[in-house]
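> Take a look at the following structure, please.
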Amino acid sequence: MPTRRFAYPILLALFLLTGLAGYFAAQLRFNYNFNDFYPASDPDLAYYEEYAQRFGNDNDYVLLGLEAPTGKTVFDPQFLVRVDSLTQFVRRRPHVVSVTSPTTATNPVVEGLGVFNIPYFHPGDPDPARRAQDSATVYRTPGLVGNLISPDARAATVLLQTSPNLAKPPGDSLLAAVRRELTRQGFAETDYHLAGKMVAQSVFVDRLQMELALFMSLSVILVTALLWFTFRTWWGVVLPLVVVLGAIVWGLGVMGAAGISIDLMTALLPVMLFVVGMSDTIHIITRYVTELGYGTEKRAALWVTLKESGFGSGLSALTTSIGFFTLMTSTIRPIYNFGLFTGISVLLTFVLSFTLLPAMLLLLRKPQLRVPRQEGRSWDGVLGRLFRQVLARRQLVVAVSAVVLIASVASASRIRINSALLDDLSQNDPVKQDFRFFERQFAGVRPFEMALTPAAGGSVLTLPVLRQTEQIETYLQRTYGLRFVASPVTLIKSVRKALNGGDIAEYRLPDSDAELQRLLRRAKPFRKKPEFQALVLPDGSEGRLTGRMPDVGSLRAGALNADLRQFLRQRIDSTIVQTRLTGSANLIDKNNENLSLNMITGMSIDILMVTLIVLALFRSIRMTLIVLIPNLVPILIVAGVMGVAGVSMKVSTSIIFTIAFGIAVDDTIHFISKLKLVLLKEDSLFRAVRKTYLMAGKAVIVTSLILVGGFSTLIFSSFDGTFYVGLLIGLTLLFGVVAELTLLPILILWFYRHQPAAVREAVPVS
C-alpha cells in the first residue's frame with residue numbers, strides 16, 4: 001500500500017527527469033520542408049535525387065509576379081524601369097543563383113564570330129514605336145507570353161533561381177529583402193505576388209508557431225473548465241493539468257533528444273497528448289473519489305483505485321499508443337515521426353499518471369466530498385435512468401444504428417483520394433491566392449519533369465531523338481496541359497534562330513543531320529550557358545524535359561499521366577529515346593498510391609490488438625465482436641460524413657481513422673476491464689453490466705467531452721488538414737461515446753454468455 005514516505009523520492013526523481021526533458025525540449029526548432037513529404041525508401045525518390053544532382057531541383061525557385069499600374073501594360077517604360085531595378089537588386093542577393101525577368105530576356109543573334117543579345121524590352125525608352133515593335137516581337141516569340149508576361153500584358157513575372165534546398169533563415173532573409181525593395185520601388189502589397197516552395201515553407205513554419213500556442217491555450221481553457229465542472233475542487237483541476245503538461249514536456253524532450261523538428265504533423269503532438277492524456281487521470285480521480293464516497297480510508301481508497309484503474313488504463317494506453325504507432329507504416333516521414341513520438345508520449349503519460357498523480361494525492365489531505373443537492377441529480381441517478389431508457393428502447397437503438405450505418409457505408413464509397421501541392425491551405429488563404437494568380441496569368445506553379453535517355457548510348461542531340469522529343473512536347477502542350485515547356489529541342493531551335501539573324505520563323509528543328517551538325521559546331525558558345533547545361537548533360541547522354549502547369553490535383557494528374565504513358569507507348573519509339581516521369585510533383589502524387597494501404601494496415605493492426613486484448617480478458621469471440629462493433633460504427637459514420645461533405649482522402653486526413661479508432665476504443669477497454677472485475681464478484685450479468693455502467697459512465701462521458709472539446713480547438717486552424725483532423729476525430733469520438741452508452745450494454749446483454757462463478761469450471765471460447 002502506498003505511503004507518504006514514498007511520495008517525496010518519487011516526486012524528486014520525476015522533477016529531475018522533467019528538467020532533463022525540458023532541456024531537450026528547448027532544443028526543438030520549427031521546420032517545414034516539402035521534401036519531407038516525399039515517399040521514403042521509394043525507387044522513384046532515389047532516382048529523382050540522382051536526377052536533381054545532374055539537373056538541379058525543380059522547385060528551388062521563387063516566382064515574383066508584378067502587376068502593371070491601372071490602365072498600363074508591362075511595356076510601359078516607367079514600369080519596366082522599376083522591374084529592371086528590382087531585377088538588378090535581387091541578382092545581387094545571397095543565395096540567388098540566377099534571375100530571369102522581362103528585362104533580362106534577350107534574342108541572341110550570331111554574326112561572324114560574335115554573339116549579340118538583343119533585348120526584347122527597352123526600359124525607359126518613351127518611343128511609342130519602340131514599344132509597339134517590342135510588343136509585336138514578344139508576342140511572336142515562343143516561350144515569352146505566359147512565362148515572362150501574361151497574355152493580356154497586364155503582369156510580368158520575375159523568376160529567382162535559389163541555392164538548392166535553401167533553409168528557412170536565409171530564405172526568410174531573402175524574402176524580407178525582396179519585400180523591402182518592392183516597397184521602395186513603389187509596389188503596394190496588392191501589386192505583387194510571391195509563390196514557390198520557399199514562400200510556402202516560410203509561411204507554414206510561422207503559422208505553426210502561432211497555431212501551436214493558440215491550440216494549447218484554447219485546450220487548457222476548455223479542459224480546465226470541464227475539469228472544474230466535473231470535480232468542483234482545485235486539486236481535481238490542477239493535478240490532471242500538472243500530469244499532462246509534464247507528459248508533454250517529456251514527449252517533446254524525447255523528440256528533441258532524437259533531433260526531430262516540429263513540422264505540420266508533429267505540431268499536433270502537444271494538443272493531441274493534452275486531450276488524450278487526460279483520460280487516465282480522470283479515470284483515476286473519478287474512481288478515487290467514488291471509493292472515498294463509500295467511506296474508505298484515503299490510502300486504502302488510493303490503493304484500490306490504482307489496482308482497479310491500473311489494469312484498464314494500462315490496456316487503454318497500449319491500444320492508444322498502438323493506434324499512433326501504426327502510423328509508422330507510412331512512407332511519409334512527418335507522419336512516421338508523428339506516430340512514433342506521439343505513441344511514446346502516450347506511454348509516458350501512463351507512467352506519470354500512475355507515479356506523479358498518486359504521489360501528489362498522497363501528500364494532499366483527504367478531500368471534502370461534495371454532496372449533490374438532490375440524489376436524483378447525482379451521476380448514479382442520471383446514469384441509472386439512462387441505462388434503463390437504453391434497455392427499454394433497445395430495438396429502436398439497434399434499428400437506428402443499422403440505418404445510419406448503411407447510409408454511411410453508401411456515402412463513404414464517394415470518398416476519393418486526391419491532394420494538391422497546397423492542399424493544407426484554405427481556398428481564401430492569401431498564400432494560395434498568390435499561387436492561383438500564377439495559374440491564372442502565367443504557366444502555373446506545378447512542376448513537370450521527364451528524363452530523356454537516348455537508346456544505345458547515343459546523344460539526345462541527334463535528329464531522331466529531337467524529333468521524338470518534339471512530338472512529346474506537342475502532346476504535353478496540346479493535350480496534357482503544360483503551359484511552359486523546355487527541353488533539348490528548345491535549345492536547338494533557339495540556336496538555329498540565333499544563327500539565322502534571330503528570325504522567329506527559323507525557330508524550328510533542322511531539316512537534316514548535316515544541318516544539325518553545322519548547328520552543333522557553331523553552338524559551342526552556347527554550351528556553357530546555364531540554361532543549356534540545365535537541359536542537356538555535357539556528353540549528351542541524358543536530357544531534361546521540364547515545364548509548369550496549374551496544380552490540377554493528384555487525382556487529375558494520375559489520369560493525365562496514365563494517358564501520357566499510353567501515348568508514349570503508342571507514338572514514341574523506345575529504341576530511339578526512353579522517357580521517365582520524375583520530379584517533386586510526381587513524388588507527392590505517389591504518396592496517394594500508399595494512403596489506402598497504410599490506412600488499412602494501421603486499422604488492421606489496431607483491430608488485431610483489440611481482438612487479442614479482449615480474447616485474453618474474456619476468452620470469448622462473441623465479446624470481441626461486441627467490443628469492435630461500437631468502435632467501428634463511429635468510424636464508418638465519419639467516413640460517410642466525409643463522402644457527403646466531399647472531403648478527399650489525402651496525407652493529412654488519412655491518419656484520422658487510425659487515430660480515432662485507437663482513442664475511441666479506450667473507453668471500451670476501461671468498460672470491459674471493469675466488467676471483468678465486477679463479474680468475478682457478481683453472478684448476474686445484468687447486475688454486473690449495470691454496476692459497471694454506473695462505475696465507468698461518469699469517466700466515459702467526461703473523458704469523451706474533454707477529447708471532443710480538445711480536438712474541436714483544431715478547427716480554428718488555417719490549415720485545412722489540421723481543421724479536418726480536429727473536426728472528424730471530434731465527430732468520431734462524439735459518435736463513439738453515444739455508441740458506448742447505448743450499443744455496448746445492449747450487445748453485451750444480448751450476445752455475451754456469462755457463466756456464474758459457482759458453476760464455472762473453465763471459460764470456453766464461445
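Chain identifiers are assigned as A, B, and so on, following the order in which chains appear in the C-alpha cells; residues are numbered from 1 within each chain, and ligands are numbered from 1 in order of appearance.
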Using only C-alpha atoms, determine which residues lie at most 12 Å from Ala301 (chain A), disregarding the query and same-chain residues fewer than 5 positions distant; provide the list as an MDAnalysis selection string.
chainID A and resid 1:2 284:296 306:309 358 361:362 366:367
> Which residues are near region 599-611 of chain A? Cut-off 8 Å, only C-alpha atoms, ignore same chain within fewer than 2 positions. Put them as a count of residues only.
20
> Please run DSSP on the backbone and report, as number ranges by chain, all residues within region 168-218 of chain A that come out as strand (DSSP E).
A: 192-195
> For Asn31 (chain A), find every residue with an atom within 9 Å (counting only C-alpha atoms), except residues of its own chain fewer than 3 positions away, and show them as a VMD selection string.
chain A and resid 168 201 to 202 204 to 205 208 261 to 264
> What's around region 580-594 of chain A at 8 Å? Count only C-alpha atoms, leave out sequence neighbours fewer than 4 positions away in its own chain, and write the answer as a PyMOL selection string.
chain A and resi 35+37-39+44-45+47-48+57-59+330-332+417-419+421+446-452+554+557-558+598+650-651
> Compile the contact shell of Val62 (chain A) as a list in words: residues with an atom at most 7 Å away, counting only C-alpha atoms, same-chain residues fewer than 4 positions apart removed.
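The contact residues come out as Leu159, Leu160, Gln161, Leu194, Ala195, Gly196 and Met198 of chain A.
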> For Arg687 (chain A), list every protein, DNA or RNA residue within 12 Å, evaluated using only C-alpha atoms, and leave out those in the same chain fewer than 2 positions away; present the list as a list in words.
Gly384, Phe387, Leu675, Val678, Leu679, Lys681, Glu682, Asp683, Ser684, Leu685, Val689, Arg690, Lys691, Thr692, Tyr693, Leu694, Pro745, Leu749 and His754 of chain A
> Enumerate the residues of region 531-677 of chain A with a DSSP assignment of helix (DSSP H, G or I), computed from the backbone, and present them as a PyMOL selection string.
chain A and resi 531-533+554-571+584-618+621-645+656-677
> From the set A:Phe719, A:Phe437, A:Phe751, A:Phe324, which residue has the shortest atom-to-atom contact distance to Thr157 (chain A), counting only C-alpha atoms?
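The closest residue to Thr157 (chain A) is A:Phe437.
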